[in-house]
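Okay, structure first, notes after.
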Amino acid sequence: MRRIRTRMGALGVALTAVVPLSLTAPATAAPAADTTVEEGRLAQAAPREILRRSGFDVWEREFALGLARVTSYPEARRYVADEGRALWRRAVDRAQGRGPGGGDLSRDDDRPLYWARLGMTKELGQWRPEFDLTEARRNALLGSLERSSRGQDSIELPAGKGVLRIVVTGFDPFQLDADARRSNPSGAAALALDGTTVRTASGKPARIETAVFPVRWADFAAGTVERTLLPHFRRGPRQADLFTTVSQGRPGQFDVERTNGAWRGGYPDNARASRTELVPIPAGVPTVRPQPQWTTTSLPYARIVAAGTGPYPVVDHTAVTEIPAGGGAPVDRPDGPTPGSTARAGGGGDYLSNEIAYRATLLRDAVRPAIPGGHLHTPVLEFGPGNTDPAHGKVTDPVFVRNRIAITGQVRAVVTVAASEAVAETAAEAAEARTTARK
């Protein structure tokens, strides 16, 4: 999701880097009038197999049966939110080894959550209750289901000075018209890390809470990122001490993205929608004025790169694409933007991974500039040799599972390094304050 651009010269390189499989999409029928583009893919063989082999095929049917018993809108609100949270919790539990596996699909798999959610949104979109359900109320129910089933409204950071609080986000699978079997290791990492505690170098525990975001331009424009993160960025007893947004990037390496750009490059999202424009900031959220063209990471990138966190190399990625001040054509810059330039791609490209990094760090700058945070790109999750054909390949294989587990483990290690550095910096600042007070 990292280096997708609209300029044709860059686009060829970008898609080669991001997508190890062919982008020639299989023939796809138009979705039914009462289903979305994403829901329409549920009819394909790969999603059906993923759901069956994980036990998540029951969610759509049971959700529909429950909807049929709902008799009022207030009851619908409670039921939809509860079922969304239950789906998120079941996906987290499965990924972390709790409860039944539900089938032979690897527990670390993020795809059952994605496809089960779409089955539920399809049923909710087609639901015709006996009471009056306006379009606005149906959309409110759909929004509630989206938020609750993604963990966005269940981030619960602990209070107290004895623990560091961390927020990590991931993404849905994407580019599914090319291959509906795709998984997103950032989403898998979010499921594996949610509610877990890691031990920093000093011994201080760090609690991680996670959420997953859709690969849809419209949701970002509507403020899904800010709505989710703002309560945890604001000062208070449960404020986040560190955050990182995560997405899938280049083959064979992690990238800590140094700079994020305020530009949407237009590549189609999971709904086949395209947007080419300045990143729109939703009304009513704290932000920086005038809107900056660039934001920067405050993650300890040098420490992360040097730490030896796992099998994949980690790169301090500094490149951007800009229109120089007074210029007209985009220029690639290996060492970041020049003064007064206009963004055309951040280090993470001009797709939604760059956008979530831009939005999260812009919100940081508006609310709590000192909080460490930024974006981490994982390696591309690749199928094993002989299993790269979307039309005839298997939905999983041992190499695929091994790669995803390795990436997830290294995400955990990177977050632990960042947390350890945050604790060390806090201790150093406290020591300096004590020294100053004694003078």
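Going by the structure tokens order, chains are called A, B, ..., each with residues numbered from 1, while ligands are numbered from 1 in the order shown.
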Closest contacts (range 254-293 of chain A/range 332-338 of chain A, max 12 Å, only C-alpha atoms) as CSV:
residue,atom,partner,partner_atom,distance
A:Glu257,CA,A:Gly336,CA,10.4
A:Arg258,CA,A:Gly336,CA,7.9
A:Thr259,CA,A:Gly336,CA,6.8
A:Asn260,CA,A:Gly336,CA,9.6
A:Gly261,CA,A:Pro337,CA,9.4
A:Gln293,CA,A:Pro337,CA,9.5
Would you write out, as a tab-separated table, a table of all residues in range 279-390 of chain A that have an atom no more than 9 Å from an atom of range 208-229 of chain A, listing for each the closest atom pair and the distance in Å to one decimal, considering only C-alpha atoms and ordering rows by chain and rising residue number?
residue	atom	partner	partner_atom	distance
A:Val279	CA	A:Ala221	CA	7.7
A:Pro280	CA	A:Ala221	CA	5.8
A:Ile281	CA	A:Ala221	CA	6.7
A:Pro282	CA	A:Gly223	CA	5.6
A:Ala283	CA	A:Gly223	CA	8.5
A:Val285	CA	A:Glu226	CA	7.2
A:Pro286	CA	A:Glu226	CA	8.9
A:Tyr351	CA	A:Trp217	CA	8.9
A:Leu352	CA	A:Val215	CA	6.8
A:Ser353	CA	A:Val215	CA	8.9
A:Glu355	CA	A:Phe220	CA	8.2
A:Ile356	CA	A:Val225	CA	7.0
A:Arg359	CA	A:Val225	CA	7.1
A:Ala360	CA	A:Val225	CA	7.2
A:Leu363	CA	A:Glu226	CA	7.2
- Item | Selection near Val58 in chain A, 9 Å with only C-alpha atoms, sequence-local residues under 6 positions removed, as a PyMOL selection string | chain A and resi 51-52+116
- Task: Rank A:Ala413, A:Ile407, A:Ala424, A:Met1 by their smallest atom-to-atom distance to Val198 in chain A, using only C-alpha atoms, and report the top residue only.
- Result: A:Ala413
- Once DSSP has gone over the backbone, tell me which residues of range 165-378 of chain A are in alpha helix (DSSP H), as a PyMOL selection string. chain A and resi 185-193+217-221+224-233+301-306+352-367
Spatial neighbours of range 102-111 of chain A, 7 Å, only C-alpha atoms, chain gap at least 4 places, as a compact mmCIF listing (two decimals) with N, CA and C atoms, in the first residue's frame:
# COMPACT_ATOMS: atom_id res chain seq x y z
N ARG A 53 -13.13 -22.39 6.39
CA ARG A 53 -12.00 -23.03 7.04
C ARG A 53 -11.56 -22.34 8.33
N SER A 54 -12.21 -21.24 8.66
CA SER A 54 -11.94 -20.56 9.92
C SER A 54 -13.12 -20.64 10.88
N GLY A 55 -14.26 -21.13 10.41
CA GLY A 55 -15.46 -21.15 11.22
C GLY A 55 -16.20 -19.82 11.25
N ARG A 94 -9.04 -15.59 18.45
CA ARG A 94 -8.55 -16.65 17.56
C ARG A 94 -7.08 -16.41 17.22
N ALA A 95 -6.74 -15.17 16.90
CA ALA A 95 -5.35 -14.86 16.54
C ALA A 95 -4.40 -15.09 17.71
N GLY A 97 -4.85 -17.35 20.11
CA GLY A 97 -4.87 -18.73 20.59
C GLY A 97 -5.92 -19.05 21.62
N TRP A 115 -13.80 -10.77 5.78
CA TRP A 115 -14.90 -11.32 4.99
C TRP A 115 -16.16 -11.53 5.83
N SER A 183 -4.07 -11.31 1.99
CA SER A 183 -4.07 -11.01 3.42
C SER A 183 -3.27 -9.73 3.61
N ASN A 184 -3.48 -9.03 4.72
CA ASN A 184 -2.69 -7.84 5.01
C ASN A 184 -1.97 -8.06 6.34
N GLY A 187 -2.99 -5.93 9.34
CA GLY A 187 -4.20 -6.35 10.03
C GLY A 187 -3.96 -7.55 10.92
N ALA A 188 -3.15 -8.49 10.44
CA ALA A 188 -2.81 -9.66 11.25
C ALA A 188 -2.06 -9.22 12.51
N ILE A 405 3.56 -14.80 10.11
CA ILE A 405 3.94 -14.91 11.52
C ILE A 405 5.25 -14.16 11.77
- Task: Would you kindly return, as JSON, numbers by chain, each protein, DNA or RNA residue with an atom no farther than 12 Å from any atom of Ala190 in chain A, considering only C-alpha atoms and excluding same-chain residues fewer than 2 positions away?
- Result: {"A": [88, 89, 91, 92, 93, 95, 96, 108, 109, 110, 113, 150, 151, 152, 155, 166, 167, 168, 169, 170, 171, 172, 184, 185, 186, 187, 188, 192, 193, 194, 195, 196, 208, 209, 210, 211, 212, 213, 244, 245, 246, 247, 407, 408, 409, 411, 412, 415]}
